[in-house]
file start-v6.csv (CSV, C-alpha atoms)
chain,number,residue,atom,x,y,z
J,1,MET,CA,-74.9,-38.8,-19.2
J,2,TYR,CA,-74.1,-41.9,-17.2
J,3,HIS,CA,-71.3,-40.1,-15.5
J,4,LEU,CA,-73.5,-37.2,-14.6
J,5,ILE,CA,-76.0,-39.4,-12.9
J,6,LYS,CA,-73.2,-41.3,-11.2
J,7,LYS,CA,-71.9,-38.0,-9.9
J,8,ASP,CA,-75.3,-37.1,-8.5
J,9,ILE,CA,-75.5,-40.4,-6.6
J,10,LEU,CA,-71.9,-40.2,-5.4
J,11,MET,CA,-72.5,-36.8,-4.1
J,12,GLN,CA,-75.4,-37.9,-2.0
J,13,LYS,CA,-73.7,-40.6,0.0
J,14,ARG,CA,-75.2,-39.2,3.2
J,15,ALA,CA,-78.7,-38.7,1.8
J,16,LEU,CA,-78.7,-42.3,0.5
J,17,LYS,CA,-78.1,-43.6,4.0
J,18,LEU,CA,-80.9,-41.4,5.3
J,19,SER,CA,-83.2,-42.7,2.6
J,20,VAL,CA,-82.7,-46.3,3.7
J,21,LEU,CA,-83.9,-45.3,7.2
J,22,LEU,CA,-86.8,-43.4,5.6
J,23,ILE,CA,-87.8,-46.4,3.6
J,24,ILE,CA,-88.0,-48.5,6.8
J,25,PHE,CA,-89.8,-45.7,8.5
J,26,PHE,CA,-92.4,-45.3,5.7
J,27,THR,CA,-92.9,-49.1,5.5
J,28,ILE,CA,-94.0,-49.1,9.1
J,29,THR,CA,-96.0,-45.9,9.2
J,30,LEU,CA,-97.6,-45.8,5.8
J,31,SER,CA,-98.6,-49.5,5.7
J,32,ASN,CA,-101.9,-48.7,7.4
J,33,ILE,CA,-103.2,-46.7,4.4
J,34,GLY,CA,-102.8,-49.6,2.0
J,35,PRO,CA,-101.3,-49.6,-1.5
J,36,ALA,CA,-101.5,-45.8,-1.6
J,37,GLY,CA,-98.8,-45.8,1.0
J,38,LEU,CA,-96.3,-47.4,-1.4
J,39,THR,CA,-96.9,-44.6,-3.9
J,40,VAL,CA,-96.5,-41.9,-1.3
J,41,GLY,CA,-93.3,-43.6,0.0
J,42,VAL,CA,-91.7,-43.9,-3.4
J,43,LEU,CA,-92.7,-40.3,-4.2
J,44,ALA,CA,-91.2,-39.0,-1.0
J,45,ILE,CA,-87.9,-40.8,-1.4
J,46,THR,CA,-87.6,-39.7,-5.0
J,47,TYR,CA,-88.4,-36.1,-4.1
J,48,GLN,CA,-85.8,-36.2,-1.3
J,49,LEU,CA,-83.0,-37.4,-3.6
J,50,VAL,CA,-83.8,-35.2,-6.6
J,51,LEU,CA,-84.0,-32.1,-4.6
J,52,GLY,CA,-81.0,-33.1,-2.5
J,53,ALA,CA,-78.9,-33.4,-5.7
J,54,SER,CA,-80.1,-30.1,-7.0
J,55,ALA,CA,-79.5,-28.4,-3.6
J,56,LEU,CA,-75.9,-29.6,-3.4
J,57,GLU,CA,-75.3,-28.4,-7.0
J,58,ASP,CA,-76.7,-25.0,-6.1
J,59,LYS,CA,-74.7,-24.8,-2.9
J,60,ASN,CA,-71.4,-25.4,-4.6
J,61,ASN,CA,-72.1,-23.4,-7.7
J,62,SER,CA,-70.9,-26.4,-9.6
J,63,ASP,CA,-73.0,-25.6,-12.7
J,64,ILE,CA,-70.0,-23.5,-13.7
J,65,ILE,CA,-67.8,-26.5,-13.7
J,66,LEU,CA,-70.3,-28.6,-15.5
J,67,ILE,CA,-70.8,-26.2,-18.4
J,68,SER,CA,-67.1,-25.7,-18.6
J,69,LEU,CA,-66.6,-29.4,-19.3
J,70,PRO,CA,-67.0,-30.7,-22.8
J,71,VAL,CA,-70.6,-31.7,-22.3
J,72,LYS,CA,-73.7,-30.4,-24.0
J,73,ARG,CA,-76.0,-28.3,-21.8
J,74,ALA,CA,-78.9,-30.4,-23.0
J,75,THR,CA,-77.2,-33.5,-21.7
J,76,ILE,CA,-76.7,-32.0,-18.3
J,77,VAL,CA,-80.4,-31.1,-18.1
J,78,LEU,CA,-81.5,-34.4,-19.5
J,79,SER,CA,-79.4,-36.4,-17.0
J,80,LYS,CA,-81.3,-34.6,-14.1
J,81,TYR,CA,-84.6,-35.8,-15.5
J,82,VAL,CA,-83.4,-39.3,-16.1
J,83,SER,CA,-82.0,-39.4,-12.6
J,84,ILE,CA,-85.6,-39.0,-11.3
J,85,TYR,CA,-86.5,-42.4,-12.7
J,86,ILE,CA,-83.4,-44.0,-11.3
J,87,TYR,CA,-84.2,-42.7,-7.8
J,88,ALA,CA,-87.8,-43.9,-8.2
J,89,ALA,CA,-86.6,-47.3,-9.2
J,90,TYR,CA,-84.2,-47.3,-6.2
J,91,ALA,CA,-87.0,-46.4,-3.8
J,92,ALA,CA,-89.3,-49.1,-5.3
J,93,ILE,CA,-86.7,-51.7,-5.0
J,94,GLY,CA,-86.0,-50.6,-1.5
J,95,PHE,CA,-89.6,-51.0,-0.5
J,96,TYR,CA,-89.7,-54.4,-2.2
J,97,LEU,CA,-86.6,-55.6,-0.4
J,98,ILE,CA,-88.1,-54.6,3.0
J,99,TYR,CA,-91.3,-56.5,2.1
J,100,PHE,CA,-89.2,-59.4,1.1
J,101,ILE,CA,-87.2,-59.5,4.3
J,102,VAL,CA,-90.3,-59.1,6.4
J,103,ASN,CA,-92.0,-62.0,4.7
J,104,LEU,CA,-88.9,-64.2,4.8
J,105,LEU,CA,-88.4,-63.7,8.5
J,106,ASN,CA,-92.1,-63.9,9.3
J,107,LEU,CA,-91.9,-60.6,11.2
J,108,PRO,CA,-95.1,-59.6,12.9
J,109,LEU,CA,-95.6,-56.7,10.5
J,110,ASP,CA,-98.5,-56.4,8.1
J,111,ILE,CA,-97.4,-54.8,4.8
J,112,PRO,CA,-100.3,-54.6,2.3
J,113,PHE,CA,-98.3,-53.4,-0.6
K,1,MET,CA,-52.9,-21.2,-37.4
K,2,ASN,CA,-50.8,-19.2,-35.1
K,3,ASN,CA,-53.5,-17.6,-33.1
K,4,MET,CA,-54.7,-19.6,-30.2
K,5,MET,CA,-57.4,-17.2,-29.4
K,6,GLU,CA,-58.9,-14.3,-31.3
K,7,ILE,CA,-61.5,-12.1,-29.9
K,8,THR,CA,-63.0,-9.4,-32.2
K,9,ASN,CA,-65.4,-6.7,-31.2
K,10,LEU,CA,-66.9,-8.7,-28.4
K,11,SER,CA,-69.6,-6.9,-26.6
K,12,LYS,CA,-72.0,-7.8,-23.9
K,13,SER,CA,-74.2,-5.5,-21.9
K,14,PHE,CA,-75.8,-6.0,-18.5
K,15,LYS,CA,-78.1,-3.6,-16.7
K,16,ASP,CA,-75.3,-1.6,-15.1
K,17,PHE,CA,-72.2,-2.7,-16.9
K,18,SER,CA,-71.2,-3.4,-20.4
K,19,LEU,CA,-68.3,-4.8,-22.3
K,20,LYS,CA,-67.6,-2.7,-25.3
K,21,GLY,CA,-65.8,-4.0,-28.4
K,22,VAL,CA,-63.1,-6.1,-26.8
K,23,ASN,CA,-60.3,-7.2,-29.1
K,24,ILE,CA,-57.7,-9.7,-27.8
K,25,THR,CA,-55.3,-11.9,-29.8
K,26,LEU,CA,-53.3,-14.5,-28.1
K,27,GLU,CA,-50.6,-16.3,-30.1
K,28,LYS,CA,-49.4,-19.8,-29.6
K,29,GLY,CA,-46.7,-20.3,-27.0
K,30,TYR,CA,-47.2,-17.2,-24.9
K,31,ILE,CA,-48.6,-16.2,-21.6
K,32,MET,CA,-51.1,-13.3,-21.6
K,33,GLY,CA,-51.8,-11.5,-18.5
K,34,PHE,CA,-55.2,-9.9,-18.3
K,35,ILE,CA,-55.2,-7.1,-15.8
K,36,GLY,CA,-57.7,-4.5,-14.6
K,37,PRO,CA,-59.3,-3.3,-11.4
K,38,ASN,CA,-62.1,-5.1,-9.7
K,39,GLY,CA,-65.3,-5.0,-11.7
K,40,SER,CA,-63.7,-4.0,-14.9
K,41,GLY,CA,-64.9,-6.9,-16.9
K,42,LYS,CA,-62.2,-9.5,-16.5
K,43,SER,CA,-64.4,-12.3,-15.3
K,44,THR,CA,-67.1,-11.4,-17.8
K,45,THR,CA,-64.6,-11.7,-20.6
K,46,ILE,CA,-63.4,-15.1,-19.3
K,47,LYS,CA,-67.0,-16.3,-18.9
K,48,LEU,CA,-67.7,-15.3,-22.5
K,49,ILE,CA,-64.6,-17.2,-23.7
K,50,MET,CA,-65.6,-20.3,-21.8
K,51,ASN,CA,-69.1,-19.9,-23.3
K,52,LEU,CA,-70.8,-19.7,-19.9
K,53,ILE,CA,-72.8,-16.7,-20.9
K,54,LYS,CA,-74.1,-15.6,-24.3
K,55,LYS,CA,-72.4,-12.7,-26.1
K,56,ASP,CA,-74.4,-9.9,-27.6
K,57,SER,CA,-72.2,-9.4,-30.6
K,58,GLY,CA,-68.6,-10.0,-31.8
K,59,GLU,CA,-66.7,-13.1,-32.5
K,60,ILE,CA,-64.6,-15.4,-30.3
K,61,LYS,CA,-62.4,-17.8,-32.1
K,62,ILE,CA,-60.4,-20.4,-30.2
K,63,PHE,CA,-57.9,-22.6,-32.1
K,64,GLY,CA,-59.2,-20.8,-35.2
K,65,ILE,CA,-62.8,-22.0,-34.8
K,66,ASP,CA,-65.9,-20.3,-33.4
K,67,ASN,CA,-66.4,-21.0,-29.8
K,68,GLU,CA,-70.2,-21.3,-29.9
K,69,SER,CA,-70.7,-23.7,-32.8
K,70,ASN,CA,-67.7,-25.9,-31.8
K,71,ASN,CA,-68.3,-25.7,-28.1
K,72,ILE,CA,-67.5,-29.3,-27.2
K,73,SER,CA,-64.5,-29.8,-29.3
K,74,ILE,CA,-63.0,-26.6,-28.0
K,75,LYS,CA,-63.6,-27.3,-24.4
K,76,GLU,CA,-61.9,-30.6,-24.9
K,77,ARG,CA,-58.7,-28.7,-25.5
K,78,ILE,CA,-59.1,-26.1,-22.8
K,79,GLY,CA,-58.1,-26.3,-19.2
K,80,PHE,CA,-59.8,-23.9,-16.8
K,81,VAL,CA,-59.1,-22.7,-13.4
K,82,TYR,CA,-61.6,-20.4,-11.6
K,83,ASN,CA,-60.8,-18.2,-8.6
K,84,GLU,CA,-63.2,-19.9,-6.4
K,85,ASN,CA,-63.8,-23.5,-5.6
K,86,HIS,CA,-66.7,-24.8,-7.6
K,87,PHE,CA,-66.1,-28.5,-7.0
K,88,TYR,CA,-68.5,-30.6,-5.0
K,89,GLU,CA,-67.3,-30.2,-1.5
K,90,GLU,CA,-68.8,-33.4,-0.3
K,91,LEU,CA,-66.6,-35.5,-2.6
K,92,THR,CA,-63.1,-36.5,-1.9
K,93,VAL,CA,-60.3,-35.4,-4.3
K,94,LYS,CA,-60.2,-38.9,-5.8
K,95,GLU,CA,-64.0,-39.0,-6.4
K,96,MET,CA,-64.0,-35.6,-7.9
K,97,LYS,CA,-61.3,-36.6,-10.3
K,98,GLU,CA,-63.2,-39.7,-11.2
K,99,VAL,CA,-66.3,-37.5,-11.9
K,100,ILE,CA,-64.4,-35.2,-14.2
K,101,SER,CA,-62.0,-37.5,-16.0
K,102,PRO,CA,-64.5,-39.4,-18.1
K,103,PHE,CA,-65.6,-36.2,-19.8
K,104,TYR,CA,-62.3,-35.7,-21.5
K,105,CYS,CA,-61.3,-38.2,-24.1
K,106,ARG,CA,-57.6,-37.2,-23.7
K,107,TRP,CA,-57.5,-37.5,-19.9
K,108,ASP,CA,-54.2,-38.8,-18.8
K,109,GLU,CA,-54.2,-40.5,-15.4
K,110,ARG,CA,-50.4,-40.6,-15.3
K,111,ILE,CA,-50.1,-36.9,-15.5
K,112,PHE,CA,-52.8,-36.4,-12.8
K,113,ASN,CA,-51.0,-38.8,-10.5
K,114,LYS,CA,-47.8,-37.0,-11.1
K,115,TYR,CA,-49.2,-33.6,-10.2
K,116,ALA,CA,-51.1,-35.1,-7.2
K,117,LYS,CA,-47.8,-36.3,-5.9
K,118,ASP,CA,-45.9,-33.1,-6.7
K,119,PHE,CA,-48.6,-31.0,-5.1
K,120,GLU,CA,-49.0,-33.4,-2.2
K,121,LEU,CA,-52.7,-33.5,-2.7
K,122,PRO,CA,-54.5,-35.5,0.0
K,123,ILE,CA,-56.3,-37.9,-2.3
K,124,ASN,CA,-58.8,-39.3,0.2
K,125,LYS,CA,-59.7,-36.0,1.9
K,126,GLU,CA,-63.0,-34.3,1.2
K,127,ILE,CA,-62.7,-31.1,-0.8
K,128,LYS,CA,-64.3,-29.0,1.9
K,129,HIS,CA,-61.5,-29.8,4.2
K,130,LEU,CA,-58.8,-28.7,1.8
K,131,SER,CA,-57.1,-25.3,2.3
K,132,LYS,CA,-57.6,-22.7,-0.4
K,133,GLY,CA,-54.1,-23.3,-1.8
K,134,MET,CA,-54.8,-27.0,-2.0
K,135,LYS,CA,-58.1,-26.4,-3.8
K,136,MET,CA,-56.3,-24.2,-6.3
K,137,LYS,CA,-53.6,-26.8,-6.8
K,138,PHE,CA,-56.3,-29.4,-7.3
K,139,SER,CA,-58.1,-27.3,-9.9
K,140,LEU,CA,-54.8,-26.8,-11.6
K,141,ALA,CA,-54.0,-30.5,-11.6
K,142,ILE,CA,-57.4,-31.2,-13.1
K,143,ALA,CA,-56.8,-28.5,-15.8
K,144,LEU,CA,-53.4,-29.8,-16.7
K,145,SER,CA,-54.3,-33.5,-16.9
K,146,HIS,CA,-56.0,-33.6,-20.2
K,147,HIS,CA,-53.4,-32.2,-22.5
K,148,ALA,CA,-55.0,-28.8,-22.7
K,149,GLU,CA,-53.5,-26.5,-25.3
K,150,LEU,CA,-55.0,-23.4,-23.9
K,151,LEU,CA,-55.2,-22.7,-20.2
K,152,ILE,CA,-57.7,-20.1,-19.0
K,153,MET,CA,-57.5,-18.9,-15.5
K,154,ASP,CA,-59.6,-16.4,-13.7
K,155,GLU,CA,-57.6,-14.9,-10.9
K,156,PRO,CA,-55.8,-18.1,-9.9
K,157,THR,CA,-53.4,-16.3,-7.5
K,158,SER,CA,-55.8,-14.3,-5.5
K,159,GLY,CA,-56.0,-15.3,-1.9
K,160,LEU,CA,-53.0,-17.6,-2.1
K,161,ASP,CA,-49.9,-17.1,0.0
K,162,PRO,CA,-46.7,-16.0,-1.7
K,163,LEU,CA,-45.1,-19.4,-1.5
K,164,ILE,CA,-47.9,-21.2,-3.3
K,165,ARG,CA,-48.2,-18.3,-5.7
K,166,SER,CA,-44.6,-18.5,-6.8
K,167,GLU,CA,-44.9,-22.3,-7.0
K,168,LEU,CA,-47.9,-21.9,-9.2
K,169,LEU,CA,-46.2,-19.4,-11.4
K,170,GLU,CA,-43.2,-21.7,-11.8
K,171,ILE,CA,-45.5,-24.5,-12.9
K,172,LEU,CA,-47.0,-22.2,-15.5
K,173,GLN,CA,-43.7,-21.2,-16.8
K,174,SER,CA,-42.5,-24.7,-17.1
K,175,LEU,CA,-45.6,-25.6,-19.0
K,176,LEU,CA,-44.7,-23.1,-21.7
K,177,GLN,CA,-41.6,-25.0,-22.6
K,178,ASP,CA,-44.0,-26.9,-24.8
K,179,GLU,CA,-44.5,-24.4,-27.5
K,180,ASN,CA,-48.0,-25.5,-28.5
K,181,LYS,CA,-49.5,-24.2,-25.3
K,182,SER,CA,-50.8,-20.8,-24.4
K,183,ILE,CA,-52.0,-19.4,-21.1
K,184,PHE,CA,-54.5,-16.6,-20.6
K,185,PHE,CA,-54.9,-15.5,-17.1
K,186,SER,CA,-56.5,-12.7,-15.4
K,187,THR,CA,-55.3,-11.2,-12.1
K,188,HIS,CA,-55.1,-8.0,-10.2
K,189,ILE,CA,-51.8,-9.0,-8.6
K,190,THR,CA,-49.5,-7.5,-11.2
K,191,SER,CA,-46.3,-8.6,-9.6
K,192,ASP,CA,-47.2,-12.1,-10.8
K,193,LEU,CA,-47.1,-10.9,-14.3
K,194,ASP,CA,-43.8,-9.2,-13.9
K,195,LYS,CA,-42.3,-12.7,-13.6
K,196,ILE,CA,-44.0,-14.7,-16.3
K,197,ALA,CA,-46.2,-12.8,-18.7
K,198,ASP,CA,-45.3,-12.1,-22.3
K,199,PHE,CA,-48.3,-10.0,-23.2
K,200,ILE,CA,-50.3,-7.6,-21.1
K,201,THR,CA,-53.8,-6.7,-21.7
K,202,LEU,CA,-55.3,-3.9,-19.6
K,203,ILE,CA,-59.0,-3.6,-19.3
K,204,ASN,CA,-60.9,-0.9,-17.5
K,205,ASN,CA,-64.7,-0.3,-17.4
K,206,GLY,CA,-65.4,-2.9,-20.1
K,207,GLU,CA,-62.9,-1.4,-22.6
K,208,ILE,CA,-59.5,-2.7,-23.5
K,209,ILE,CA,-57.0,0.1,-22.9
K,210,LEU,CA,-53.9,-1.6,-24.2
K,211,SER,CA,-52.7,-4.9,-25.3
K,212,LYS,CA,-49.0,-5.2,-25.8
K,213,THR,CA,-45.9,-7.2,-25.0
K,214,LYS,CA,-44.7,-6.6,-21.5
K,215,ASP,CA,-41.3,-5.5,-22.5
K,216,GLU,CA,-42.6,-3.0,-24.9
K,217,LEU,CA,-45.0,-1.7,-22.4
K,218,LEU,CA,-42.4,-1.2,-19.7
K,219,GLU,CA,-39.9,0.3,-22.2
K,220,GLU,CA,-42.2,2.9,-23.6
K,221,HIS,CA,-43.8,4.2,-20.5
K,222,CYS,CA,-42.2,6.2,-17.8
K,223,ILE,CA,-43.3,8.0,-14.7
K,224,VAL,CA,-42.6,11.7,-14.6
K,225,LYS,CA,-42.2,13.6,-11.4
K,226,GLY,CA,-41.6,17.2,-11.1
K,227,SER,CA,-42.6,20.5,-9.5
K,228,LYS,CA,-45.9,22.1,-10.3
K,229,LYS,CA,-44.3,25.1,-12.0
K,230,GLN,CA,-42.9,22.8,-14.8
K,231,LEU,CA,-46.3,21.5,-15.5
K,232,THR,CA,-47.8,24.9,-16.1
K,233,THR,CA,-44.9,26.3,-18.2
K,234,ASN,CA,-44.6,23.5,-20.6
K,235,ASP,CA,-47.6,22.4,-22.5
K,236,PRO,CA,-48.6,19.1,-21.0
K,237,LEU,CA,-47.8,16.1,-23.0
K,238,ASN,CA,-50.4,13.4,-23.1
K,239,PHE,CA,-50.0,12.6,-19.5
K,240,ILE,CA,-52.0,9.7,-18.2
K,241,GLY,CA,-53.5,9.8,-14.7
K,242,LEU,CA,-51.9,13.1,-13.8
K,243,LYS,CA,-51.8,13.6,-10.0
K,244,GLN,CA,-51.0,17.0,-8.5
K,245,ASN,CA,-50.5,18.1,-4.9
K,246,ASP,CA,-48.8,21.0,-3.2
K,247,PHE,CA,-45.3,19.6,-3.8
K,248,GLY,CA,-45.5,18.7,-7.4
K,249,PHE,CA,-47.0,16.4,-10.0
K,250,GLU,CA,-46.7,12.8,-10.9
K,251,ALA,CA,-47.9,11.2,-14.1
K,252,LEU,CA,-47.4,8.4,-16.4
K,253,CYS,CA,-46.3,9.1,-19.9
K,254,LYS,CA,-46.6,7.0,-23.0
K,255,ASP,CA,-43.6,8.3,-24.8
K,256,LYS,CA,-40.3,8.3,-22.9
K,257,LYS,CA,-38.3,10.0,-25.7
K,258,GLU,CA,-40.7,12.9,-26.0
K,259,VAL,CA,-40.5,13.5,-22.2
K,260,ILE,CA,-36.7,13.6,-22.2
K,261,LYS,CA,-36.8,16.0,-25.2
K,262,GLN,CA,-39.2,18.4,-23.5
K,263,TYR,CA,-38.1,18.4,-20.0
K,264,GLY,CA,-34.5,17.2,-20.1
K,265,ASN,CA,-33.1,16.7,-16.7
K,266,SER,CA,-35.4,19.0,-14.9
K,267,VAL,CA,-37.8,16.2,-14.0
K,268,ILE,CA,-37.4,12.9,-12.4
K,269,ILE,CA,-38.1,10.0,-14.8
K,270,GLU,CA,-38.7,6.6,-13.4
K,271,LYS,CA,-39.2,3.2,-14.8
K,272,PRO,CA,-42.7,2.1,-14.0
K,273,THR,CA,-43.8,-1.3,-12.8
K,274,LEU,CA,-46.9,-3.0,-14.2
K,275,GLU,CA,-48.8,-1.9,-11.1
K,276,ASP,CA,-48.0,1.7,-11.8
K,277,ILE,CA,-49.2,1.4,-15.4
K,278,MET,CA,-52.4,-0.2,-14.2
K,279,VAL,CA,-53.0,2.4,-11.5
K,280,PHE,CA,-52.3,5.4,-13.7
K,281,TYR,CA,-54.4,4.2,-16.5
K,282,THR,CA,-57.4,3.4,-14.5
K,283,ARG,CA,-57.2,6.3,-12.1
K,284,ARG,CA,-60.2,8.5,-12.4
K,285,SER,CA,-59.0,12.0,-12.6
K,286,ASP,CA,-62.1,13.5,-11.2
K,287,HIS,CA,-62.4,11.0,-8.4
K,288,HIS,CA,-60.3,11.4,-5.3
K,289,VAL,CA,-60.8,9.6,-2.0
K,290,SER,CA,-59.4,11.9,0.7
K,291,SER,CA,-58.6,10.9,4.1
K,292,TYR,CA,-60.0,12.7,7.0

call {"tool": "encode", "arguments": {"input": "start-v6.csv", "output": "structure tokens"}}
result
Amino acid sequence: MYHLIKKDILMQKRALKLSVLLIIFFTITLSNIGPAGLTVGVLAITYQLVLGASALEDKNNSDIILISLPVKRATIVLSKYVSIYIYAAYAAIGFYLIYFIVNLLNLPLDIPF
Amino acid sequence: MNNMMEITNLSKSFKDFSLKGVNITLEKGYIMGFIGPNGSGKSTTIKLIMNLIKKDSGEIKIFGIDNESNNISIKERIGFVYNENHFYEELTVKEMKEVISPFYCRWDERIFNKYAKDFELPINKEIKHLSKGMKMKFSLAIALSHHAELLIMDEPTSGLDPLIRSELLEILQSLLQDENKSIFFSTHITSDLDKIADFITLINNGEIILSKTKDELLEEHCIVKGSKKQLTTNDPLNFIGLKQNDFGFEALCKDKKEVIKQYGNSVIIEKPTLEDIMVFYTRRSDHHVSSY
């Protein structure tokens, strides 16, 4: 399971870089709708990563490789669900870090999260 | 336990195609070539063996145990190579290997490194930039690196150049020096099998037509060529895939001795190749594509 999630993350090297930019972008744009902005931001990042992983899987037809490996089908499916929480945690930490940096450097940016 | 793989009465039906009562037995230490035209059910059979799709009825036993109830322990001992690349193209060779290796408890890093060196695999290159031959070699390296006892390959040689093909066949042959391994591979390039296969299984339209040792097959069968007159005067033996034109007839016959007895020296008898056998058996007698 751990390896399946690791694979999903490894596969999305490019998407992860993009997500960092998105987090910064969302911090700036969504900060004017208040705490709801954080929810929307986390949701958007999670959505991007979960669907991205599935899209890559679909594009390469790699399900064939996965079910040919000695893993239970249930584990493969479960790992996809668990990965959602990992992406969500990643996005939340990302937002928090930006908030932290902004506060630390006293940047003229108002983040109400 | 001498049978590596035992398939009995396996059937699976789709909307427009069905696999009817397939029986295959593969013994330890042999290479079985699985031949048939496109769309004859080769890949379907392999998918069923690998448990990628559910069978309708029948039994598949690998290493003497049922392949559905012991899915994981069997896959641990199987190496697989598919005809297309199904690896993640975004990853490099090394990353892909690291993704796959933890799933096998008998993964042997040393063997993989040896093959990677022998095949000159570019370890840090992304899979999408590899050539088709390289991708195939990479799948083979992955398949061979976990001490698999049974190697299942779905058209591994299609689309490869002759040089890589013969290299691949040599590797397979050298693998069989270890008597505990077996290889089951499907192909429609029969010349590959001329070199390495011990057993030949011919499938057409979802049915197994024959499953024999290669030598026996080539020994028994013969191609008969003669004039049209001879065909009408003698009662036709059980000719397979009889083809007639204005000049004469051409057919494959199952029983060489019988042909010699009936026709003597009046017809030309030739030794068939595997390709001839496949073509004659699968030729549809009522179906002829003519050229304009």

call {"tool": "interface_residues", "arguments": {"input": "start-v6.csv", "of": "chain K", "to": "chain J", "cutoff": "8 Å", "atoms": "all atoms listed in the file", "output": "PDB file with C-alpha atoms, in the frame of the given file"}}
result
ATOM      1  CA  MET K  50     -65.600 -20.300 -21.800  1.00  0.00           C
ATOM      2  CA  ASN K  51     -69.100 -19.900 -23.300  1.00  0.00           C
ATOM      3  CA  LEU K  52     -70.800 -19.700 -19.900  1.00  0.00           C
ATOM      4  CA  ASN K  71     -68.300 -25.700 -28.100  1.00  0.00           C
ATOM      5  CA  ILE K  72     -67.500 -29.300 -27.200  1.00  0.00           C
ATOM      6  CA  SER K  73     -64.500 -29.800 -29.300  1.00  0.00           C
ATOM      7  CA  ILE K  74     -63.000 -26.600 -28.000  1.00  0.00           C
ATOM      8  CA  LYS K  75     -63.600 -27.300 -24.400  1.00  0.00           C
ATOM      9  CA  GLU K  76     -61.900 -30.600 -24.900  1.00  0.00           C
ATOM     10  CA  PHE K  80     -59.800 -23.900 -16.800  1.00  0.00           C
ATOM     11  CA  ASN K  85     -63.800 -23.500  -5.600  1.00  0.00           C
ATOM     12  CA  HIS K  86     -66.700 -24.800  -7.600  1.00  0.00           C
ATOM     13  CA  PHE K  87     -66.100 -28.500  -7.000  1.00  0.00           C
ATOM     14  CA  TYR K  88     -68.500 -30.600  -5.000  1.00  0.00           C
ATOM     15  CA  GLU K  89     -67.300 -30.200  -1.500  1.00  0.00           C
ATOM     16  CA  GLU K  90     -68.800 -33.400  -0.300  1.00  0.00           C
ATOM     17  CA  LEU K  91     -66.600 -35.500  -2.600  1.00  0.00           C
ATOM     18  CA  VAL K  99     -66.300 -37.500 -11.900  1.00  0.00           C
ATOM     19  CA  PRO K 102     -64.500 -39.400 -18.100  1.00  0.00           C
ATOM     20  CA  PHE K 103     -65.600 -36.200 -19.800  1.00  0.00           C
ATOM     21  CA  TYR K 104     -62.300 -35.700 -21.500  1.00  0.00           C
TER      22      TYR K 104
END

call {"tool": "atom_distance", "arguments": {"input": "start-v6.csv", "atom1": "CA of Ser174 in chain K", "atom2": "CA of Thr273 in chain K"}}
result
23.8 Å

call {"tool": "atom_distance", "arguments": {"input": "start-v6.csv", "atom1": "CA of Arg283 in chain K", "atom2": "CA of Gly39 in chain K"}}
result
13.9 Å

call {"tool": "closest_residue", "arguments": {"input": "start-v6.csv", "among": "K:Val224, K:Ala116, K:Ile62, K:Ala251", "to": "Lys28 in chain K", "atoms": "all atoms listed in the file"}}
result
K:Ile62

call {"tool": "atom_distance", "arguments": {"input": "start-v6.csv", "atom1": "CA of Gly58 in chain K", "atom2": "CA of Asn9 in chain K"}}
result
4.6 Å
